[in-house]
$ cat run-v5.tsv   # TSV, N, CA and C atoms
chain	number	residue	atom	x	y	z
A	1	MET	N	-16.91	12.58	-14.78
A	1	MET	CA	-16.07	12.83	-13.62
A	1	MET	C	-16.99	13.06	-12.43
A	2	SER	N	-16.77	12.30	-11.38
A	2	SER	CA	-17.60	12.44	-10.20
A	2	SER	C	-16.80	13.08	-9.07
A	3	TYR	N	-17.43	13.95	-8.38
A	3	TYR	CA	-16.81	14.63	-7.26
A	3	TYR	C	-17.29	14.00	-5.95
A	4	THR	N	-16.44	14.06	-4.95
A	4	THR	CA	-16.78	13.55	-3.63
A	4	THR	C	-17.03	14.74	-2.72
A	5	THR	N	-18.02	14.62	-1.85
A	5	THR	CA	-18.34	15.73	-0.96
A	5	THR	C	-18.06	15.36	0.48
A	6	GLY	N	-17.59	16.36	1.22
A	6	GLY	CA	-17.43	16.24	2.66
A	6	GLY	C	-18.41	17.19	3.31
A	7	CYS	N	-18.19	17.52	4.58
A	7	CYS	CA	-19.08	18.45	5.26
A	7	CYS	C	-19.05	19.84	4.62
A	8	HIS	N	-17.84	20.32	4.34
A	8	HIS	CA	-17.70	21.67	3.79
A	8	HIS	C	-16.85	21.69	2.53
A	9	THR	N	-16.67	20.54	1.90
A	9	THR	CA	-15.79	20.49	0.74
A	9	THR	C	-16.38	19.63	-0.37
A	10	ILE	N	-15.93	19.92	-1.56
A	10	ILE	CA	-16.18	19.08	-2.72
A	10	ILE	C	-14.81	18.87	-3.34
A	11	PHE	N	-14.43	17.60	-3.56
A	11	PHE	CA	-13.07	17.36	-4.04
A	11	PHE	C	-13.02	16.21	-5.03
A	12	HIS	N	-11.93	16.21	-5.78
A	12	HIS	CA	-11.65	15.16	-6.75
A	12	HIS	C	-10.14	14.98	-6.79
A	13	HIS	N	-9.58	14.48	-5.69
A	13	HIS	CA	-8.13	14.27	-5.57
A	13	HIS	C	-7.83	12.81	-5.83
A	14	ARG	N	-7.31	12.52	-6.99
A	14	ARG	CA	-6.97	11.14	-7.34
A	14	ARG	C	-5.50	11.06	-7.68
A	15	TYR	N	-4.86	10.00	-7.20
A	15	TYR	CA	-3.42	9.85	-7.36
A	15	TYR	C	-3.09	8.45	-7.86
A	16	HIS	N	-2.13	8.39	-8.77
A	16	HIS	CA	-1.60	7.10	-9.23
A	16	HIS	C	-0.31	6.87	-8.46
A	17	ILE	N	-0.30	5.82	-7.65
A	17	ILE	CA	0.82	5.55	-6.76
A	17	ILE	C	1.40	4.18	-7.13
A	18	VAL	N	2.74	4.14	-7.22
A	18	VAL	CA	3.44	2.89	-7.49
A	18	VAL	C	4.55	2.75	-6.47
A	19	TRP	N	4.67	1.57	-5.86
A	19	TRP	CA	5.81	1.32	-5.00
A	19	TRP	C	6.28	-0.12	-5.14
A	20	THR	N	7.56	-0.33	-4.79
A	20	THR	CA	8.19	-1.63	-4.99
A	20	THR	C	8.80	-2.12	-3.69
A	21	PRO	N	8.95	-3.44	-3.55
A	21	PRO	CA	9.74	-3.95	-2.42
A	21	PRO	C	11.22	-3.60	-2.64
A	22	LYS	N	11.96	-3.62	-1.58
A	22	LYS	CA	13.38	-3.28	-1.67
A	22	LYS	C	14.09	-4.22	-2.65
A	23	TYR	N	14.95	-3.66	-3.46
A	23	TYR	CA	15.72	-4.36	-4.49
A	23	TYR	C	14.84	-4.97	-5.58
A	24	ARG	N	13.58	-4.64	-5.60
A	24	ARG	CA	12.62	-5.16	-6.58
A	24	ARG	C	12.60	-6.69	-6.64
A	25	TYR	N	12.81	-7.32	-5.49
A	25	TYR	CA	12.70	-8.78	-5.45
A	25	TYR	C	11.27	-9.18	-5.78
A	26	LYS	N	11.10	-10.29	-6.47
A	26	LYS	CA	9.78	-10.75	-6.87
A	26	LYS	C	9.18	-11.63	-5.77
A	27	VAL	N	8.78	-10.98	-4.68
A	27	VAL	CA	8.27	-11.71	-3.52
A	27	VAL	C	6.76	-11.58	-3.35
A	28	LEU	N	6.10	-10.79	-4.16
A	28	LEU	CA	4.66	-10.57	-4.00
A	28	LEU	C	3.90	-11.69	-4.73
A	29	ARG	N	3.95	-12.88	-4.16
A	29	ARG	CA	3.30	-14.05	-4.74
A	29	ARG	C	2.56	-14.81	-3.65
A	30	GLY	N	1.56	-15.56	-4.06
A	30	GLY	CA	0.86	-16.47	-3.16
A	30	GLY	C	0.22	-15.81	-1.96
A	31	LYS	N	0.52	-16.35	-0.79
A	31	LYS	CA	-0.09	-15.87	0.45
A	31	LYS	C	0.38	-14.45	0.81
A	32	ILE	N	1.61	-14.11	0.46
A	32	ILE	CA	2.10	-12.76	0.72
A	32	ILE	C	1.28	-11.75	-0.07
A	33	ARG	N	1.00	-12.07	-1.31
A	33	ARG	CA	0.21	-11.19	-2.18
A	33	ARG	C	-1.19	-10.98	-1.61
A	34	GLU	N	-1.84	-12.05	-1.19
A	34	GLU	CA	-3.18	-11.95	-0.62
A	34	GLU	C	-3.17	-11.13	0.67
A	35	ARG	N	-2.16	-11.33	1.50
A	35	ARG	CA	-2.08	-10.61	2.77
A	35	ARG	C	-1.84	-9.12	2.56
A	36	ILE	N	-0.99	-8.77	1.59
A	36	ILE	CA	-0.75	-7.35	1.29
A	36	ILE	C	-2.03	-6.70	0.79
A	37	ARG	N	-2.76	-7.41	-0.05
A	37	ARG	CA	-4.04	-6.88	-0.56
A	37	ARG	C	-5.00	-6.59	0.60
A	38	ALA	N	-5.07	-7.51	1.55
A	38	ALA	CA	-5.96	-7.33	2.70
A	38	ALA	C	-5.50	-6.17	3.58
A	39	ILE	N	-4.21	-6.04	3.81
A	39	ILE	CA	-3.69	-4.97	4.66
A	39	ILE	C	-3.95	-3.61	4.01
A	40	VAL	N	-3.72	-3.50	2.71
A	40	VAL	CA	-3.94	-2.23	2.00
A	40	VAL	C	-5.41	-1.84	2.06
A	41	ARG	N	-6.28	-2.79	1.84
A	41	ARG	CA	-7.73	-2.50	1.91
A	41	ARG	C	-8.14	-2.05	3.31
A	42	GLN	N	-7.58	-2.70	4.32
A	42	GLN	CA	-7.90	-2.35	5.70
A	42	GLN	C	-7.44	-0.93	6.04
A	43	VAL	N	-6.23	-0.59	5.67
A	43	VAL	CA	-5.71	0.76	5.97
A	43	VAL	C	-6.51	1.81	5.21
A	44	CYS	N	-6.84	1.54	3.96
A	44	CYS	CA	-7.64	2.50	3.18
A	44	CYS	C	-9.01	2.71	3.81
A	45	LYS	N	-9.61	1.65	4.28
A	45	LYS	CA	-10.92	1.76	4.92
A	45	LYS	C	-10.83	2.60	6.20
A	46	GLU	N	-9.77	2.36	7.01
A	46	GLU	CA	-9.59	3.12	8.25
A	46	GLU	C	-9.39	4.61	7.99
A	47	MET	N	-8.68	4.94	6.91
A	47	MET	CA	-8.34	6.34	6.63
A	47	MET	C	-9.38	7.04	5.77
A	48	GLY	N	-10.36	6.32	5.25
A	48	GLY	CA	-11.38	6.93	4.40
A	48	GLY	C	-10.92	7.16	2.98
A	49	VAL	N	-9.95	6.38	2.53
A	49	VAL	CA	-9.41	6.48	1.17
A	49	VAL	C	-10.13	5.48	0.29
A	50	THR	N	-10.50	5.90	-0.92
A	50	THR	CA	-11.19	5.04	-1.86
A	50	THR	C	-10.19	4.50	-2.88
A	51	ILE	N	-10.17	3.20	-3.06
A	51	ILE	CA	-9.33	2.59	-4.09
A	51	ILE	C	-10.14	2.53	-5.38
A	52	VAL	N	-9.74	3.31	-6.36
A	52	VAL	CA	-10.43	3.32	-7.65
A	52	VAL	C	-10.03	2.08	-8.43
A	53	SER	N	-8.74	1.79	-8.49
A	53	SER	CA	-8.26	0.55	-9.10
A	53	SER	C	-6.88	0.24	-8.54
A	54	GLY	N	-6.48	-1.01	-8.65
A	54	GLY	CA	-5.18	-1.41	-8.15
A	54	GLY	C	-4.74	-2.73	-8.73
A	55	VAL	N	-3.42	-2.88	-8.87
A	55	VAL	CA	-2.85	-4.10	-9.41
A	55	VAL	C	-1.63	-4.47	-8.58
A	56	LEU	N	-1.55	-5.74	-8.20
A	56	LEU	CA	-0.37	-6.27	-7.51
A	56	LEU	C	0.40	-7.13	-8.49
A	57	SER	N	1.58	-6.70	-8.89
A	57	SER	CA	2.46	-7.51	-9.72
A	57	SER	C	3.42	-8.25	-8.80
A	58	THR	N	4.33	-9.04	-9.36
A	58	THR	CA	5.24	-9.82	-8.52
A	58	THR	C	6.29	-8.94	-7.86
A	59	ASN	N	6.59	-7.76	-8.44
A	59	ASN	CA	7.64	-6.93	-7.86
A	59	ASN	C	7.24	-5.46	-7.67
A	60	HIS	N	5.97	-5.13	-7.82
A	60	HIS	CA	5.53	-3.76	-7.55
A	60	HIS	C	4.01	-3.72	-7.38
A	61	VAL	N	3.55	-2.60	-6.81
A	61	VAL	CA	2.13	-2.40	-6.54
A	61	VAL	C	1.69	-1.10	-7.21
A	62	HIS	N	0.63	-1.15	-8.01
A	62	HIS	CA	0.01	0.04	-8.61
A	62	HIS	C	-1.30	0.31	-7.89
A	63	MET	N	-1.54	1.56	-7.55
A	63	MET	CA	-2.82	1.94	-6.96
A	63	MET	C	-3.27	3.26	-7.56
A	64	PHE	N	-4.55	3.36	-7.85
A	64	PHE	CA	-5.16	4.62	-8.24
A	64	PHE	C	-6.19	4.91	-7.16
A	65	VAL	N	-5.91	5.90	-6.31
A	65	VAL	CA	-6.72	6.12	-5.12
A	65	VAL	C	-7.25	7.55	-5.08
A	66	GLU	N	-8.34	7.70	-4.36
A	66	GLU	CA	-8.91	9.03	-4.09
A	66	GLU	C	-8.72	9.30	-2.60
A	67	ILE	N	-7.91	10.31	-2.31
A	67	ILE	CA	-7.54	10.63	-0.94
A	67	ILE	C	-8.24	11.92	-0.53
A	68	PRO	N	-8.92	11.94	0.62
A	68	PRO	CA	-9.57	13.16	1.09
A	68	PRO	C	-8.56	14.29	1.31
A	69	PRO	N	-8.99	15.54	1.22
A	69	PRO	CA	-8.06	16.66	1.31
A	69	PRO	C	-7.37	16.81	2.66
A	70	HIS	N	-7.93	16.27	3.73
A	70	HIS	CA	-7.31	16.44	5.04
A	70	HIS	C	-6.19	15.42	5.30
A	71	ILE	N	-5.96	14.50	4.36
A	71	ILE	CA	-4.89	13.51	4.50
A	71	ILE	C	-3.82	13.79	3.45
A	72	ALA	N	-2.58	13.96	3.90
A	72	ALA	CA	-1.47	14.17	2.98
A	72	ALA	C	-1.12	12.86	2.29
A	73	VAL	N	-0.72	12.95	1.04
A	73	VAL	CA	-0.34	11.75	0.29
A	73	VAL	C	0.84	11.06	0.97
A	74	SER	N	1.79	11.84	1.46
A	74	SER	CA	2.96	11.27	2.13
A	74	SER	C	2.56	10.53	3.41
A	75	TYR	N	1.60	11.05	4.14
A	75	TYR	CA	1.13	10.38	5.36
A	75	TYR	C	0.41	9.08	5.01
A	76	PHE	N	-0.38	9.10	3.94
A	76	PHE	CA	-1.07	7.90	3.49
A	76	PHE	C	-0.06	6.82	3.11
A	77	MET	N	0.97	7.19	2.36
A	77	MET	CA	1.99	6.22	1.96
A	77	MET	C	2.78	5.70	3.16
A	78	GLN	N	3.04	6.57	4.11
A	78	GLN	CA	3.75	6.16	5.33
A	78	GLN	C	2.96	5.07	6.05
A	79	ARG	N	1.65	5.26	6.17
A	79	ARG	CA	0.81	4.27	6.85
A	79	ARG	C	0.72	2.96	6.07
A	80	ILE	N	0.51	3.04	4.76
A	80	ILE	CA	0.39	1.84	3.94
A	80	ILE	C	1.68	1.03	3.95
A	81	LYS	N	2.79	1.68	3.64
A	81	LYS	CA	4.05	0.95	3.53
A	81	LYS	C	4.55	0.47	4.88
A	82	GLY	N	4.39	1.29	5.91
A	82	GLY	CA	4.85	0.90	7.23
A	82	GLY	C	4.09	-0.27	7.80
A	83	ARG	N	2.78	-0.21	7.74
A	83	ARG	CA	1.98	-1.28	8.31
A	83	ARG	C	2.12	-2.58	7.52
A	84	SER	N	2.12	-2.48	6.20
A	84	SER	CA	2.25	-3.70	5.41
A	84	SER	C	3.63	-4.34	5.61
A	85	SER	N	4.67	-3.55	5.66
A	85	SER	CA	6.01	-4.09	5.85
A	85	SER	C	6.13	-4.80	7.20
A	86	ARG	N	5.66	-4.16	8.23
A	86	ARG	CA	5.78	-4.73	9.57
A	86	ARG	C	5.00	-6.04	9.71
A	87	LYS	N	3.76	-6.03	9.24
A	87	LYS	CA	2.94	-7.23	9.37
A	87	LYS	C	3.44	-8.38	8.50
A	88	ILE	N	3.88	-8.07	7.29
A	88	ILE	CA	4.38	-9.11	6.40
A	88	ILE	C	5.64	-9.75	6.98
A	89	GLN	N	6.53	-8.95	7.54
A	89	GLN	CA	7.76	-9.52	8.10
A	89	GLN	C	7.49	-10.33	9.36
A	90	GLN	N	6.48	-9.96	10.11
A	90	GLN	CA	6.12	-10.75	11.30
A	90	GLN	C	5.47	-12.07	10.90
A	91	GLU	N	4.63	-12.06	9.88
A	91	GLU	CA	3.86	-13.24	9.52
A	91	GLU	C	4.60	-14.21	8.59
A	92	PHE	N	5.61	-13.71	7.87
A	92	PHE	CA	6.35	-14.54	6.93
A	92	PHE	C	7.84	-14.45	7.22
A	93	PRO	N	8.33	-15.25	8.17
A	93	PRO	CA	9.75	-15.17	8.54
A	93	PRO	C	10.70	-15.62	7.44
A	94	GLU	N	10.21	-16.30	6.40
A	94	GLU	CA	11.08	-16.74	5.32
A	94	GLU	C	11.63	-15.56	4.49
A	95	LEU	N	11.06	-14.37	4.67
A	95	LEU	CA	11.56	-13.19	3.96
A	95	LEU	C	12.89	-12.69	4.51
A	96	LYS	N	13.29	-13.19	5.66
A	96	LYS	CA	14.54	-12.72	6.26
A	96	LYS	C	15.75	-13.04	5.39
A	97	LYS	N	15.68	-14.05	4.53
A	97	LYS	CA	16.82	-14.34	3.67
A	97	LYS	C	17.00	-13.27	2.59
A	98	HIS	N	15.92	-12.54	2.24
A	98	HIS	CA	16.02	-11.44	1.29
A	98	HIS	C	16.26	-10.10	2.00
A	99	TYR	N	15.58	-9.88	3.09
A	99	TYR	CA	15.60	-8.59	3.79
A	99	TYR	C	16.12	-8.81	5.20
A	100	TRP	N	17.35	-8.46	5.45
A	100	TRP	CA	17.97	-8.77	6.74
A	100	TRP	C	17.82	-7.66	7.76
A	101	ASP	N	17.37	-6.47	7.36
A	101	ASP	CA	17.34	-5.34	8.29
A	101	ASP	C	15.95	-4.76	8.44
A	102	GLN	N	14.93	-5.59	8.50
A	102	GLN	CA	13.54	-5.17	8.67
A	102	GLN	C	13.14	-4.09	7.66
A	103	ARG	N	13.52	-4.28	6.44
A	103	ARG	CA	13.10	-3.38	5.36
A	103	ARG	C	12.42	-4.24	4.31
A	104	PHE	N	11.27	-3.79	3.86
A	104	PHE	CA	10.53	-4.57	2.87
A	104	PHE	C	10.21	-3.65	1.71

$ encode --input "run-v5.tsv" --output "structure tokens"
Amino acid sequence: MSYTTGCHTIFHHRYHIVWTPKYRYKVLRGKIRERIRAIVRQVCKEMGVTIVSGVLSTNHVHMFVEIPPHIAVSYFMQRIKGRSSRKIQQEFPELKKHYWDQRF
């Protein structure tokens, strides 16, 4: 077990997070899947979160992440889900037939 150090802290906060698209539609395929992977990596890098492991299935996302103590898990999820949903809906207008109210 390895611990991570900050300026005044030593921590080992790891979380297993799973989330799904609305109605569990199997839309995480092809270019959408690659784009979500890139967006998640970008947000994690900006927030200082380490991805220990992760899997993108066709209808859900598994992540095992290490989140620093100054970031709430709920805030991290808000940023990940909000940014990925917004960018995916802007870049892939064909999703409008599944999601009519800007929810992904």

$ closest_residue --input "run-v5.tsv" --among "A:Ser84, A:Thr58, A:Leu95, A:Pro69" --to "Lys26 of chain A" --atoms "only C-alpha atoms"
A:Thr58

$ select_by_dssp --input "run-v5.tsv" --residues "chain A" --states "strand (DSSP E)" --output "list in words"
Thr4, Thr5, Ile10, Phe11, Arg14, Tyr15, His16, Ile17, Val18, Trp19, Thr50, Ile51, Val52, Ser53, Gly54, Val55, Leu56, Val61, His62, Met63, Phe64, Val65 and Glu66 of chain A

$ closest_residue --input "run-v5.tsv" --among "A:Tyr25, A:Ser74, A:Gly30, A:Val65" --to "Lys97 of chain A" --atoms "only C-alpha atoms"
A:Tyr25

$ residues_around --input "run-v5.tsv" --residues "Leu28 of chain A" --least-positions-apart "3" --cutoff "7 Å" --atoms "only N, CA and C atoms" --output "list in words"
Tyr25, Lys31, Ile32, Arg33, Glu34, Leu56, Ser57, Thr58, Asn59 and His60 of chain A

$ residues_around --input "run-v5.tsv" --residues "Gln42 of chain A" --least-positions-apart "4" --cutoff "12 Å" --atoms "only C-alpha atoms" --output "JSON, numbers by chain"
{"A": [35, 36, 37, 38, 46, 47, 48, 49, 50, 51, 79, 80, 83, 84]}

$ axis_aligned_box --input "run-v5.tsv" --around "segment 78-93 of chain A" --padding-each-side "4 Å" --output "AutoDock Vina command-line options"
--center_x 5.5 --center_y -4.5 --center_z 7.4 --size_x 18.3 --size_y 30.2 --size_z 15.8

$ atom_distance --input "run-v5.tsv" --atom1 "atom CA of Phe11 of chain A" --atom2 "atom CA of Pro68 of chain A"
7.5 Å

$ closest_residue --input "run-v5.tsv" --among "A:Val73, A:Ser85, A:Lys22, A:Ile67" --to "Lys45 of chain A" --atoms "only C-alpha atoms"
A:Ile67

$ closest_residue --input "run-v5.tsv" --among "A:Gly82, A:Arg24, A:Ile39, A:Glu66" --to "His12 of chain A" --atoms "all atoms listed in the file"
A:Glu66

$ decode --input "run-v5.tsv" --residues "segment 86-98 of chain A" --atoms "N, CA and C atoms" --output "PDB file, in the first residue's frame"
ATOM      1  N   ARG A  86     -21.825  17.602 -21.259  1.00  0.00           N
ATOM      2  CA  ARG A  86     -21.960  18.803 -22.081  1.00  0.00           C
ATOM      3  C   ARG A  86     -21.160  18.690 -23.385  1.00  0.00           C
ATOM      4  N   LYS A  87     -19.916  18.250 -23.270  1.00  0.00           N
ATOM      5  CA  LYS A  87     -19.073  18.156 -24.467  1.00  0.00           C
ATOM      6  C   LYS A  87     -19.550  17.062 -25.417  1.00  0.00           C
ATOM      7  N   ILE A  88     -19.976  15.936 -24.877  1.00  0.00           N
ATOM      8  CA  ILE A  88     -20.449  14.843 -25.726  1.00  0.00           C
ATOM      9  C   ILE A  88     -21.701  15.264 -26.484  1.00  0.00           C
ATOM     10  N   GLN A  89     -22.616  15.950 -25.823  1.00  0.00           N
ATOM     11  CA  GLN A  89     -23.845  16.366 -26.502  1.00  0.00           C
ATOM     12  C   GLN A  89     -23.578  17.444 -27.547  1.00  0.00           C
ATOM     13  N   GLN A  90     -22.585  18.271 -27.326  1.00  0.00           N
ATOM     14  CA  GLN A  90     -22.236  19.281 -28.328  1.00  0.00           C
ATOM     15  C   GLN A  90     -21.562  18.642 -29.537  1.00  0.00           C
ATOM     16  N   GLU A  91     -20.704  17.661 -29.314  1.00  0.00           N
ATOM     17  CA  GLU A  91     -19.913  17.078 -30.392  1.00  0.00           C
ATOM     18  C   GLU A  91     -20.629  15.966 -31.159  1.00  0.00           C
ATOM     19  N   PHE A  92     -21.632  15.344 -30.538  1.00  0.00           N
ATOM     20  CA  PHE A  92     -22.346  14.239 -31.171  1.00  0.00           C
ATOM     21  C   PHE A  92     -23.843  14.512 -31.154  1.00  0.00           C
ATOM     22  N   PRO A  93     -24.337  15.277 -32.139  1.00  0.00           N
ATOM     23  CA  PRO A  93     -25.766  15.632 -32.145  1.00  0.00           C
ATOM     24  C   PRO A  93     -26.692  14.444 -32.382  1.00  0.00           C
ATOM     25  N   GLU A  94     -26.169  13.299 -32.835  1.00  0.00           N
ATOM     26  CA  GLU A  94     -27.023  12.134 -33.052  1.00  0.00           C
ATOM     27  C   GLU A  94     -27.569  11.546 -31.741  1.00  0.00           C
ATOM     28  N   LEU A  95     -27.024  11.975 -30.605  1.00  0.00           N
ATOM     29  CA  LEU A  95     -27.531  11.502 -29.310  1.00  0.00           C
ATOM     30  C   LEU A  95     -28.874  12.126 -28.947  1.00  0.00           C
ATOM     31  N   LYS A  96     -29.288  13.139 -29.670  1.00  0.00           N
ATOM     32  CA  LYS A  96     -30.554  13.803 -29.347  1.00  0.00           C
ATOM     33  C   LYS A  96     -31.744  12.868 -29.490  1.00  0.00           C
ATOM     34  N   LYS A  97     -31.643  11.823 -30.308  1.00  0.00           N
ATOM     35  CA  LYS A  97     -32.765  10.898 -30.437  1.00  0.00           C
ATOM     36  C   LYS A  97     -32.947  10.056 -29.167  1.00  0.00           C
ATOM     37  N   HIS A  98     -31.870   9.874 -28.378  1.00  0.00           N
ATOM     38  CA  HIS A  98     -31.976   9.164 -27.106  1.00  0.00           C
ATOM     39  C   HIS A  98     -32.245  10.117 -25.942  1.00  0.00           C
TER      40      HIS A  98
END
